[in-house]
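Some notes on the structure that comes next.
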Amino acid sequence: MFLSMNWISDFVDLTGLDKMELISRFSLSTAEVENEIFNKGSEISGIVVAEIKEIADHPESKKLHLLKVDAGDGKLTDVVCGAPNVRVGMKTAFAKVGAKIGEIDITPRDLAGFTSYGMCCSEKEIGISDDNAGIMDICEDVAPGTDIKDLYEIDDIIFEVDNKSLTNRPDLWGHYGIAREFAALAGRELKPLECVNLEAFENLPKLDMKIEDELCQRYSCIQVENITKTVSPVNMRIRLFYCGMRGINLLADLTNYLMLEMGQPMHAFDSRKVECLRIKKFDKPFTFKTLDGVDRNIDENTLMICNNNEPVAIAGIMGGLDSEIVEDTTKLTLESATFDAVSIRKSTVRLAHRTDASMRYEKCLDPEMTVTAIGRFLKLLTDIDSGVKVVSALTDEYAFKYDTVTLDFDKKFVDRYTGIEISNDTIVKTLKSLGFEVELKGDDFKVIVPSWRATKDVTIKADIIEEITRIYGYDNFDVHTALAPLYPVRADEEKTVEDRLKDILVKRYSLHELHSYVWAYYDEYKALGIEIEDNIKLINATNPNIETIRKSIIPTQLCQVKYNTGYSANFGVFEVGRVVNGVNAEGLCDEHKKLAITLFSKTKSVEQLYFELRDILAVATEDIRHQELSFERIEATKSYQHLKNLNKIFCGGKEIGEIGVVHPVVSKKIDKKAVIVYAEIDVADFAEIKNASISYVEPSRYPEMEIDLSFVSDKFAPIGEAIKSENCDLIKSISVVDTYTDEHGKSITVRIVFSHPERTLTKEETMAVVDSITMKLENSGIQMKK
Amino acid sequence: MAEQTIRLKEELESKLRLAKDVQELEQIRVEFLGKNGLITGLLKGMKDLSIEEKKTFGQEVNVLKTEAAELIADKGEELKNAEIMAEINAMPDFDISMPGTLDRGSYHPITLVQRQCEKIFKSMGFTVEDYSEVVTDYECFESLNIPKHHPARDMQDTYYLENGQLLKSQTSAAQNAIYKKYKDALVNDGVPIKAIFPGRCFRNEATDACHENTFFQMEGVMVDKNISISNLIFFMKTMLSEVFQKDIRVRLRPGFFPFVEPGFELDISCLICGGEGCPSCKHSGWLELCPCGMIHPEVLKAGGIDPEEYTGFAFGLGLTRLAMMKYGVKDIRDLNSGSLKSLSQFTDDE
């Protein structure tokens, strides 16, 4: 919203104050002012009123005229002018030699063979409207030579307030409310609005008007006739133009002017079309042509202004074309009303049509304002057109009244909230300047909130704190730290585990952390041959590609792997992110935080890569929880899982995730030559693994004995089992040193390391263990190779 | 007889001179000092000598034996040194300027700024909370004093799920749970609530270089008996100076958010020009950074905390925006792109 300093100054005397400084204080205390502030009128100088005394046609140009004008300097000046509306006796805006218009310095200039000593200007050239059809036609009775800036309010400071910062301040949607803020900030008096006293028309007949729906809070109207003027005064048009509106005609301009001044939208109907005003909704949808000529679909929730059963306006949004003021209108009915804010906002959204009026109604306007606005409108109208006659009494139905808001608090409350000392005097003065009624007894305040702040804005004590402190100025606050007792801060275990996992993956295994979205990407999944797992869906995703929430990070991660195949022949990525596994018994989403890892390689075998990933997980659990992993083969159920080598991962007896190979169909679509393995771990389950304590074992001082045994077997598990089942204290470690295939089949060479804490081992005692192991294995059909 | 020892010594010396390696040296040692070596052999001719001569000659031979052993040992040392030198000389000069293969991992930039922030808050005694991405209407709106008809609830802003839950549109959605988690310690033991909660948020909007439907925020709250606006300003200034690692000036402007009262928009002095005015702050000298305010009494009440007794402040930092500012990321979409060309650049930055 654009605001005019001149307009504000109508209501508060700011003489002697730095306006720019005030605007910046307004920005810090009330609402955000955009950076660019316009110094209107500073672009032009030396433009005066001049009268056209003679007009001659240019000998060669049909468009150009040769003028002699009186610019008030006692002589006639030759001017070449191309405007179509020149006439003798016309007064216009004239830029003399030496004048400035923006970047242009006016100098004597040759135009088609004649010298022009100055320039006649259009309103657009002076910057006071967008009318460039001809030169300005000055109707005021004023002597030639008068500086145009003395005649009109061209010099002004215009600043823009961010509408978003006014959402909770219905009172700031007009200059008068803004002026109240400036008055409070400057410590000056706010002048009352000059209005026509409506009691004078009490004896005239009332209009036929009735509110038939509770969405209309208040409806006030009055009828006037005998309007003779059609064009608004220049100063009024300048203000409207500076504030972003175009001049139309006197009545339209006046309703707009009043809206910008008081924040109260008004509407003027042709009285012939609204003999029987009814405010109501309709049972059935229909189309309605608004005054901009557009047919709009009205539904049964939209409040309408009607003449009996004939709709004439969409309440609070826009008038209808048929009831507009037209040329032969002699009598008009002026509407000033308030409607339910939520209803207006919803209608605006449904109609996809936001207007200056609806924007204001959405903010909860003060219903107290409707009648004042009529009085103000009549004052402005009669000042311009003195013959105007009011022909009805004020007709006013006040259906919904907001409660008066009274707030009690004490000085201690203010002290506690602010943390600084603000005196009772300052509190009283500040609140009064903003229109609050204040009663102070000792340290106890009783405050009555003014009606224009009481519609939703100021309702509780804490709101009063804002009023006091913003005017006090946050820059003036003495700031200090809070004093609070000390207690140990306990870290969240899951968060700690997450951080440690990330560190191991990045620092030890050189993996890269990525983020992907929480939903399945239909197109990308399809391209990779990944089926979307059925899951809970978004109901209002604007992009149909992202509707279903993911059950696993792996598919979204594979889409990202696909995107990076050119990055390097070998890489690994991971993400700690959320998945949803349907809904639980209470109907709430079963959300889990997962760690997903994918390794990609064009040079390694799938087996190598698979074990690499297994070891990453084993090291992580060993490092963080000092526990070993175990696995359990499971069947593939998802489209991206390879049918083989899919394992559940267990740690400390707890299932924590799965490890697998990517299905060849998907893998080949990602990269024909690459192998891809993945694992997904539930972070909460991981965090719950018990931390096995570190128990130190002093290394034996006696030599260890290593024995290598080769078995014909394609699996390590039974061998490992057999060794473990010995339960022999002397066995310190078991490792696989070789696997190979020969004519007997696959063989595995296992190294067993023996040691005794207190003496050197004898060959006999170790061989006894070895014999027992081999015997067991032979019994289960696994031969030892000699 | 002395000539014989002298000659033998000379012979040894000349052979040693020619010896090229340890093997040859060993041969020489055996030849001269072995059991049947030349020096022992000298003693064989002794039987013809007188006792006196035997004694003298014996002594000479012993001297020669010692001298020979020394000579051989010296030569051995010399050969070993030569071998080391040869090994040293055999090593080529490496071209250390050769490009290497820098196989190192990377953190997501959000993780980096999040960790930096967490570190600052932990140092001031804040707990770091974790919260879900799917939340209820109550958590995201109702408990935050956002009434049913508030524009923030409009369908176009928030992603709703089939079961009536939603993807959280703001980290404030965790406030209610945090208050409930800590209110007993606050009321019974006087432990102030000091918590931050970083998390991912979602807004249903079209994406472009400046807009994402998925982004990170970090919420912070502090609640105690006498938390004031003055504390809030102090705290924000201190915290932001730590975040940006320079002395930051802050200013508050009134800002309307339903869950705080009074609510503020917080600006910081421009990081580029320091407040002088430059293109990146649109010549205002200030950057709008984060919303904050005193926690609305209704919000405290919903969390089970009596607003007549306790006050608190809350703020919300845009972690995504912070990461973009800090690392000069211009297109917000880079962060969720999964592109390793972009994201592998972010190494540990604490």
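By convention here, the chains of the structure tokens are called A, B, ... in the order presented, each chain's residues are numbered starting at 1, and ligands are numbered starting at 1 in the order presented.
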Rows by chain and residue number, chain A within 6 Å of chain B, shortest pair, only C-alpha atoms, as JSON lines:
```
{"residue": "A:Leu28", "atom": "CA", "partner": "B:Arg253", "partner_atom": "CA", "distance": 4.6}
{"residue": "A:Arg416", "atom": "CA", "partner": "B:Asn226", "partner_atom": "CA", "distance": 5.8}
{"residue": "A:Tyr417", "atom": "CA", "partner": "B:Ser228", "partner_atom": "CA", "distance": 4.7}
{"residue": "A:Thr418", "atom": "CA", "partner": "B:Ile229", "partner_atom": "CA", "distance": 4.9}
{"residue": "A:Gly419", "atom": "CA", "partner": "B:Ser228", "partner_atom": "CA", "distance": 4.9}
{"residue": "A:Ala462", "atom": "CA", "partner": "B:Glu261", "partner_atom": "CA", "distance": 5.9}
{"residue": "A:Glu466", "atom": "CA", "partner": "B:Pro262", "partner_atom": "CA", "distance": 5.0}
{"residue": "A:Val479", "atom": "CA", "partner": "B:Ser230", "partner_atom": "CA", "distance": 4.6}
{"residue": "A:His480", "atom": "CA", "partner": "B:Asn231", "partner_atom": "CA", "distance": 5.5}
{"residue": "A:Thr481", "atom": "CA", "partner": "B:Asn231", "partner_atom": "CA", "distance": 5.2}
{"residue": "A:Ala482", "atom": "CA", "partner": "B:Asn231", "partner_atom": "CA", "distance": 5.6}
{"residue": "A:Val506", "atom": "CA", "partner": "B:Gly105", "partner_atom": "CA", "distance": 4.5}
{"residue": "A:Ser510", "atom": "CA", "partner": "B:Gly105", "partner_atom": "CA", "distance": 3.5}
{"residue": "A:Leu511", "atom": "CA", "partner": "B:Gly105", "partner_atom": "CA", "distance": 4.5}
{"residue": "A:His512", "atom": "CA", "partner": "B:Ser106", "partner_atom": "CA", "distance": 4.6}
{"residue": "A:Glu513", "atom": "CA", "partner": "B:Tyr107", "partner_atom": "CA", "distance": 5.0}
{"residue": "A:Leu514", "atom": "CA", "partner": "B:Gly338", "partner_atom": "CA", "distance": 5.5}
{"residue": "A:His515", "atom": "CA", "partner": "B:Asn336", "partner_atom": "CA", "distance": 5.3}
{"residue": "A:Ser516", "atom": "CA", "partner": "B:Asn336", "partner_atom": "CA", "distance": 5.6}
{"residue": "A:Lys537", "atom": "CA", "partner": "B:Leu161", "partner_atom": "CA", "distance": 5.7}
{"residue": "A:Leu538", "atom": "CA", "partner": "B:Leu161", "partner_atom": "CA", "distance": 4.4}
{"residue": "A:Ile539", "atom": "CA", "partner": "B:Leu161", "partner_atom": "CA", "distance": 5.5}
{"residue": "A:Gln560", "atom": "CA", "partner": "B:Gly338", "partner_atom": "CA", "distance": 5.4}
```
Practice problem: Apply DSSP to the structure's backbone, then extract all residues of segment 187-249 of chain A labelled strand (DSSP E) and return them as an MDAnalysis selection string. | Solution: chainID A and resid 209:211 216:225
Could you save the residues just selected, with C-alpha atoms, as a PDB file, in the first residue's frame?
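Result file selection.pdb:
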```pdb
ATOM      1  CA  MET A 209     -32.794  -2.123   3.629  1.00  0.00           C
ATOM      2  CA  LYS A 210     -32.557  -5.375   5.528  1.00  0.00           C
ATOM      3  CA  ILE A 211     -29.747  -7.690   6.562  1.00  0.00           C
ATOM      4  CA  CYS A 216     -23.214  -9.025   7.237  1.00  0.00           C
ATOM      5  CA  GLN A 217     -22.148  -7.335  10.459  1.00  0.00           C
ATOM      6  CA  ARG A 218     -23.361  -3.854   9.721  1.00  0.00           C
ATOM      7  CA  TYR A 219     -24.949  -2.122   6.766  1.00  0.00           C
ATOM      8  CA  SER A 220     -25.244   1.644   6.628  1.00  0.00           C
ATOM      9  CA  CYS A 221     -26.542   3.615   3.672  1.00  0.00           C
ATOM     10  CA  ILE A 222     -27.872   6.985   2.642  1.00  0.00           C
ATOM     11  CA  GLN A 223     -29.299   8.491  -0.493  1.00  0.00           C
ATOM     12  CA  VAL A 224     -28.101  11.699  -2.216  1.00  0.00           C
ATOM     13  CA  GLU A 225     -29.091  13.557  -5.358  1.00  0.00           C
TER      14      GLU A 225
END
```
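Every protein or nucleic acid residue with an atom no more than 12 Å from Asn163 of chain A, counting only C-alpha atoms and leaving out same-chain residues fewer than 2 positions away, appears here: Met1, Phe2, Leu3, Ala31, Glu32, Val33, Glu34, Glu160, Val161, Ser165, Leu166, Thr167, Asn168, Arg169, Pro170, Leu172, Trp173, Gly174, Asp356, Met359, Arg360 and Lys363 of chain A; Gly255 and Phe256 of chain B.
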Selected residues written out, C-alpha atoms, as a short mmCIF file (atom, residue, chain, number, x, y, z; two decimals), in the first residue's frame:
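Result written to again.cif:
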```cif
data_model
loop_
_atom_site.label_atom_id
_atom_site.label_comp_id
_atom_site.auth_asym_id
_atom_site.auth_seq_id
_atom_site.Cartn_x
_atom_site.Cartn_y
_atom_site.Cartn_z
CA MET A 1 0.00 0.00 0.00
CA PHE A 2 1.29 3.41 -0.98
CA LEU A 3 1.01 6.24 1.50
CA ALA A 31 4.87 -1.89 9.79
CA GLU A 32 7.57 -2.59 7.27
CA VAL A 33 8.25 0.23 4.82
CA GLU A 34 9.78 -0.79 1.49
CA GLU A 160 5.07 1.87 0.44
CA VAL A 161 4.12 -0.38 3.32
CA SER A 165 2.98 -6.55 7.62
CA LEU A 166 -0.54 -5.11 7.97
CA THR A 167 -2.47 -8.39 8.08
CA ASN A 168 -3.32 -8.03 11.75
CA ARG A 169 -3.94 -4.29 11.66
CA PRO A 170 -7.28 -3.48 10.03
CA LEU A 172 -3.83 0.72 9.16
CA TRP A 173 -5.52 0.23 5.78
CA GLY A 174 -6.17 3.94 5.43
CA ASP A 356 -8.85 -3.39 -2.75
CA MET A 359 -8.32 -7.08 0.93
CA ARG A 360 -9.50 -4.70 3.65
CA LYS A 363 -8.60 -7.99 7.97
CA GLY B 255 5.94 -8.73 12.97
CA PHE B 256 2.73 -10.66 13.19
#
```
Would you list the contacts of Ala393 of chain A as a PDB file with N, CA and C atoms, in the first residue's frame, taking every protein, DNA or RNA residue within 7 Å and counting only C-alpha atoms, but skipping same-chain residues closer than 4 positions in sequence?
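This went into result03.pdb:
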```pdb
ATOM      1  N   PHE A 201     -30.306  14.718   9.119  1.00  0.00           N
ATOM      2  CA  PHE A 201     -31.221  14.108   8.133  1.00  0.00           C
ATOM      3  C   PHE A 201     -32.188  13.137   8.794  1.00  0.00           C
ATOM      4  N   GLU A 202     -32.195  13.133  10.102  1.00  0.00           N
ATOM      5  CA  GLU A 202     -32.994  12.172  10.860  1.00  0.00           C
ATOM      6  C   GLU A 202     -34.457  12.120  10.453  1.00  0.00           C
ATOM      7  N   ASN A 203     -34.970  13.266  10.059  1.00  0.00           N
ATOM      8  CA  ASN A 203     -36.397  13.317   9.761  1.00  0.00           C
ATOM      9  C   ASN A 203     -36.746  12.892   8.346  1.00  0.00           C
ATOM     10  N   LEU A 204     -35.731  12.676   7.531  1.00  0.00           N
ATOM     11  CA  LEU A 204     -35.996  12.209   6.164  1.00  0.00           C
ATOM     12  C   LEU A 204     -36.390  10.734   6.208  1.00  0.00           C
ATOM     13  N   PRO A 205     -37.041  10.253   5.166  1.00  0.00           N
ATOM     14  CA  PRO A 205     -37.441   8.837   5.183  1.00  0.00           C
ATOM     15  C   PRO A 205     -36.241   7.903   5.134  1.00  0.00           C
ATOM     16  N   LYS A 206     -36.405   6.759   5.768  1.00  0.00           N
ATOM     17  CA  LYS A 206     -35.317   5.770   5.742  1.00  0.00           C
ATOM     18  C   LYS A 206     -35.407   4.967   4.459  1.00  0.00           C
ATOM     19  N   ILE A 222     -27.188   5.689   2.700  1.00  0.00           N
ATOM     20  CA  ILE A 222     -27.872   6.985   2.642  1.00  0.00           C
ATOM     21  C   ILE A 222     -28.044   7.318   1.170  1.00  0.00           C
TER      22      ILE A 222
END
```
Quiz prompt | Non-local contacts of segment 518-532 of chain A (8 Å; only C-alpha atoms; under 2 positions in same chain excluded) as an MDAnalysis selection string | solution = chainID A and resid 516 534 545:550 555:556 559 577:579 638:640 665:666 669:670
Got time to write the residues from that selection, N, CA and C atoms, as an mmCIF file, in the first residue's frame?
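Printed below is part-v3.cif as written:
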```cif
data_model
loop_
_atom_site.group_PDB
_atom_site.id
_atom_site.type_symbol
_atom_site.label_atom_id
_atom_site.label_comp_id
_atom_site.auth_asym_id
_atom_site.auth_seq_id
_atom_site.Cartn_x
_atom_site.Cartn_y
_atom_site.Cartn_z
ATOM 1 N N SER A 516 17.213 -36.404 -0.225
ATOM 2 C CA SER A 516 16.202 -36.548 -1.273
ATOM 3 C C SER A 516 14.847 -36.237 -0.665
ATOM 4 N N ASP A 534 2.751 -49.028 -2.271
ATOM 5 C CA ASP A 534 1.500 -48.429 -1.834
ATOM 6 C C ASP A 534 1.689 -47.859 -0.424
ATOM 7 N N ASN A 545 3.352 -35.815 -9.759
ATOM 8 C CA ASN A 545 4.519 -36.697 -9.740
ATOM 9 C C ASN A 545 4.967 -37.048 -8.319
ATOM 10 N N ILE A 546 4.416 -36.368 -7.332
ATOM 11 C CA ILE A 546 4.949 -36.527 -5.967
ATOM 12 C C ILE A 546 3.850 -36.801 -4.962
ATOM 13 N N GLU A 547 3.047 -37.791 -5.172
ATOM 14 C CA GLU A 547 1.846 -37.938 -4.381
ATOM 15 C C GLU A 547 2.009 -38.900 -3.197
ATOM 16 N N THR A 548 2.744 -39.997 -3.419
ATOM 17 C CA THR A 548 2.829 -41.052 -2.407
ATOM 18 C C THR A 548 4.072 -40.872 -1.544
ATOM 19 N N ILE A 549 3.897 -40.985 -0.246
ATOM 20 C CA ILE A 549 5.032 -40.855 0.665
ATOM 21 C C ILE A 549 5.877 -42.130 0.567
ATOM 22 N N ARG A 550 7.192 -41.973 0.638
ATOM 23 C CA ARG A 550 8.068 -43.132 0.459
ATOM 24 C C ARG A 550 8.050 -44.044 1.700
ATOM 25 N N PRO A 555 14.769 -46.283 -2.962
ATOM 26 C CA PRO A 555 14.381 -45.904 -4.321
ATOM 27 C C PRO A 555 14.713 -44.442 -4.672
ATOM 28 N N THR A 556 14.458 -43.510 -3.735
ATOM 29 C CA THR A 556 14.771 -42.110 -4.043
ATOM 30 C C THR A 556 16.281 -41.942 -4.168
ATOM 31 N N CYS A 559 17.444 -43.080 -7.570
ATOM 32 C CA CYS A 559 17.212 -42.036 -8.580
ATOM 33 C C CYS A 559 18.384 -41.058 -8.579
ATOM 34 N N GLY A 577 17.172 -39.846 6.631
ATOM 35 C CA GLY A 577 15.908 -39.191 6.296
ATOM 36 C C GLY A 577 14.726 -39.986 6.807
ATOM 37 N N ARG A 578 13.539 -39.441 6.498
ATOM 38 C CA ARG A 578 12.322 -40.033 7.049
ATOM 39 C C ARG A 578 11.586 -40.876 6.013
ATOM 40 N N VAL A 579 10.921 -41.907 6.507
ATOM 41 C CA VAL A 579 10.016 -42.691 5.680
ATOM 42 C C VAL A 579 8.745 -42.911 6.512
ATOM 43 N N LYS A 638 10.475 -56.444 -2.933
ATOM 44 C CA LYS A 638 10.345 -55.139 -3.591
ATOM 45 C C LYS A 638 11.073 -55.152 -4.928
ATOM 46 N N SER A 639 10.605 -54.296 -5.818
ATOM 47 C CA SER A 639 11.088 -54.340 -7.206
ATOM 48 C C SER A 639 12.576 -54.017 -7.335
ATOM 49 N N TYR A 640 13.121 -53.280 -6.388
ATOM 50 C CA TYR A 640 14.537 -52.916 -6.518
ATOM 51 C C TYR A 640 15.480 -53.922 -5.835
ATOM 52 N N VAL A 665 17.506 -55.567 -13.185
ATOM 53 C CA VAL A 665 16.702 -54.724 -14.091
ATOM 54 C C VAL A 665 16.912 -53.252 -13.752
ATOM 55 N N VAL A 666 16.819 -52.945 -12.453
ATOM 56 C CA VAL A 666 16.994 -51.563 -12.008
ATOM 57 C C VAL A 666 18.451 -51.141 -12.184
ATOM 58 N N LYS A 669 19.380 -50.251 -15.627
ATOM 59 C CA LYS A 669 18.823 -48.971 -16.076
ATOM 60 C C LYS A 669 19.606 -47.801 -15.488
ATOM 61 N N ILE A 670 20.202 -48.032 -14.346
ATOM 62 C CA ILE A 670 21.039 -46.978 -13.756
ATOM 63 C C ILE A 670 22.359 -46.916 -14.519
#
```
Practice problem: Based on DSSP run over this structure's backbone, return all residues of segment 350-515 of chain A in helix (DSSP H, G or I), as number ranges by chain. | Solution: A: 350-351, 356-361, 369-384, 411-418, 424-433, 451-453, 461-472, 474-476, 493-508
Quick one: residues within 9 Å of segment 12-22 of chain A, only C-alpha atoms, excluding same-chain residues fewer than 5 positions away - as an mmCIF file with N, CA and C atoms, in the first residue's frame?
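Final output, saved to around.cif:
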```
data_model
loop_
_atom_site.group_PDB
_atom_site.id
_atom_site.type_symbol
_atom_site.label_atom_id
_atom_site.label_comp_id
_atom_site.auth_asym_id
_atom_site.auth_seq_id
_atom_site.Cartn_x
_atom_site.Cartn_y
_atom_site.Cartn_z
ATOM 1 N N MET A 5 2.606 11.377 2.381
ATOM 2 C CA MET A 5 2.945 12.181 3.554
ATOM 3 C C MET A 5 2.031 13.395 3.653
ATOM 4 N N SER A 27 8.641 2.275 10.333
ATOM 5 C CA SER A 27 9.014 0.936 9.874
ATOM 6 C C SER A 27 9.460 0.058 11.041
ATOM 7 N N ILE A 37 11.694 5.031 -1.353
ATOM 8 C CA ILE A 37 10.765 6.092 -0.969
ATOM 9 C C ILE A 37 10.801 7.142 -2.080
ATOM 10 N N ILE A 157 5.931 13.118 -0.352
ATOM 11 C CA ILE A 157 6.779 11.935 -0.115
ATOM 12 C C ILE A 157 5.844 10.732 -0.100
ATOM 13 N N ALA A 179 -1.877 7.916 10.171
ATOM 14 C CA ALA A 179 -1.587 9.214 10.798
ATOM 15 C C ALA A 179 -1.595 9.083 12.320
ATOM 16 N N ARG A 180 -2.457 8.214 12.832
ATOM 17 C CA ARG A 180 -2.514 8.005 14.285
ATOM 18 C C ARG A 180 -1.175 7.453 14.789
ATOM 19 N N PHE A 182 1.758 7.885 13.279
ATOM 20 C CA PHE A 182 2.744 8.965 13.186
ATOM 21 C C PHE A 182 2.587 9.931 14.355
ATOM 22 N N ALA A 183 1.334 10.221 14.715
ATOM 23 C CA ALA A 183 1.088 11.138 15.831
ATOM 24 C C ALA A 183 1.694 10.560 17.113
ATOM 25 N N LEU A 185 4.122 8.352 17.348
ATOM 26 C CA LEU A 185 5.583 8.305 17.264
ATOM 27 C C LEU A 185 6.194 9.682 17.428
ATOM 28 N N ALA A 186 5.502 10.707 16.889
ATOM 29 C CA ALA A 186 6.056 12.063 16.935
ATOM 30 C C ALA A 186 5.645 12.797 18.201
ATOM 31 N N ARG A 188 2.693 14.015 18.680
ATOM 32 C CA ARG A 188 1.817 15.136 18.300
ATOM 33 C C ARG A 188 0.354 14.708 18.326
ATOM 34 N N GLU A 189 -0.497 15.684 18.219
ATOM 35 C CA GLU A 189 -1.941 15.452 18.332
ATOM 36 C C GLU A 189 -2.513 14.917 17.022
ATOM 37 N N LEU A 190 -3.427 13.944 17.126
ATOM 38 C CA LEU A 190 -4.160 13.489 15.945
ATOM 39 C C LEU A 190 -5.418 14.323 15.807
ATOM 40 N N LYS A 191 -5.607 14.937 14.613
ATOM 41 C CA LYS A 191 -6.794 15.791 14.426
ATOM 42 C C LYS A 191 -8.015 14.912 14.160
#
```
Practice problem: Extract, using only C-alpha atoms, all DNA, RNA and protein residues at most 10 Å from Val234 of chain A, discarding same-chain residues fewer than 4 positions from it, and format them as a PyMOL selection string. | Solution: chain A and resi 128-129+138-140+151-154+238-240+247
Selection export as an mmCIF file, in the first residue's frame, atoms kept: N, CA and C atoms:
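Final output, saved to out37.cif:
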```cif
data_model
loop_
_atom_site.group_PDB
_atom_site.id
_atom_site.type_symbol
_atom_site.label_atom_id
_atom_site.label_comp_id
_atom_site.auth_asym_id
_atom_site.auth_seq_id
_atom_site.Cartn_x
_atom_site.Cartn_y
_atom_site.Cartn_z
ATOM 1 N N ILE A 128 1.648 13.626 -12.629
ATOM 2 C CA ILE A 128 0.529 13.602 -11.687
ATOM 3 C C ILE A 128 -0.625 12.726 -12.158
ATOM 4 N N SER A 129 -0.506 12.164 -13.357
ATOM 5 C CA SER A 129 -1.477 11.150 -13.788
ATOM 6 C C SER A 129 -0.872 10.439 -14.988
ATOM 7 N N ILE A 138 -6.010 23.534 -17.199
ATOM 8 C CA ILE A 138 -6.132 24.034 -15.820
ATOM 9 C C ILE A 138 -7.387 24.878 -15.706
ATOM 10 N N CYS A 139 -8.310 24.434 -14.878
ATOM 11 C CA CYS A 139 -9.602 25.116 -14.787
ATOM 12 C C CYS A 139 -9.634 26.154 -13.671
ATOM 13 N N GLU A 140 -8.685 26.070 -12.751
ATOM 14 C CA GLU A 140 -8.708 26.968 -11.615
ATOM 15 C C GLU A 140 -8.484 28.407 -12.083
ATOM 16 N N LEU A 151 0.062 25.773 -6.975
ATOM 17 C CA LEU A 151 -1.342 25.548 -7.282
ATOM 18 C C LEU A 151 -1.810 24.158 -6.824
ATOM 19 N N TYR A 152 -0.968 23.165 -7.054
ATOM 20 C CA TYR A 152 -1.343 21.784 -6.714
ATOM 21 C C TYR A 152 -0.333 21.154 -5.765
ATOM 22 N N GLU A 153 -0.804 20.149 -5.059
ATOM 23 C CA GLU A 153 0.083 19.391 -4.153
ATOM 24 C C GLU A 153 0.888 18.370 -4.954
ATOM 25 N N ILE A 154 1.877 18.908 -5.657
ATOM 26 C CA ILE A 154 2.682 17.992 -6.482
ATOM 27 C C ILE A 154 3.839 17.418 -5.664
ATOM 28 N N ILE A 238 -4.406 13.694 -7.786
ATOM 29 C CA ILE A 238 -2.957 13.488 -7.588
ATOM 30 C C ILE A 238 -2.725 12.474 -6.463
ATOM 31 N N ARG A 239 -3.444 12.644 -5.365
ATOM 32 C CA ARG A 239 -3.262 11.713 -4.234
ATOM 33 C C ARG A 239 -3.604 10.284 -4.637
ATOM 34 N N LEU A 240 -4.732 10.150 -5.348
ATOM 35 C CA LEU A 240 -5.130 8.803 -5.779
ATOM 36 C C LEU A 240 -4.051 8.207 -6.684
ATOM 37 N N GLY A 247 -7.740 8.024 -11.605
ATOM 38 C CA GLY A 247 -8.954 8.819 -11.506
ATOM 39 C C GLY A 247 -9.955 8.312 -12.537
#
```
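A straight line drawn from atom CA of Val497 of chain A to atom CA of Gln217 of chain B is 21.1 Å long.
Computed from the coordinates, the atom CA of Glu622 of chain A to atom CA of Lys604 of chain A distance equals 25.2 Å.
With only C-alpha atoms as the atoms that count, the residue of A:Asp714, A:Glu467, A:Asp155, A:Glu607 with the shortest distance to Thr30 of chain A is A:Glu467.
One distance worth recording is that between atom CA of Ile88 of chain B and atom CA of Leu71 of chain B, which is 25.5 Å.
Considering the residues B:Lys181, B:Gly318, B:Gln116, B:Pro147 and counting only C-alpha atoms, Cys201 of chain B has its shortest atom-to-atom contact with B:Gly318.
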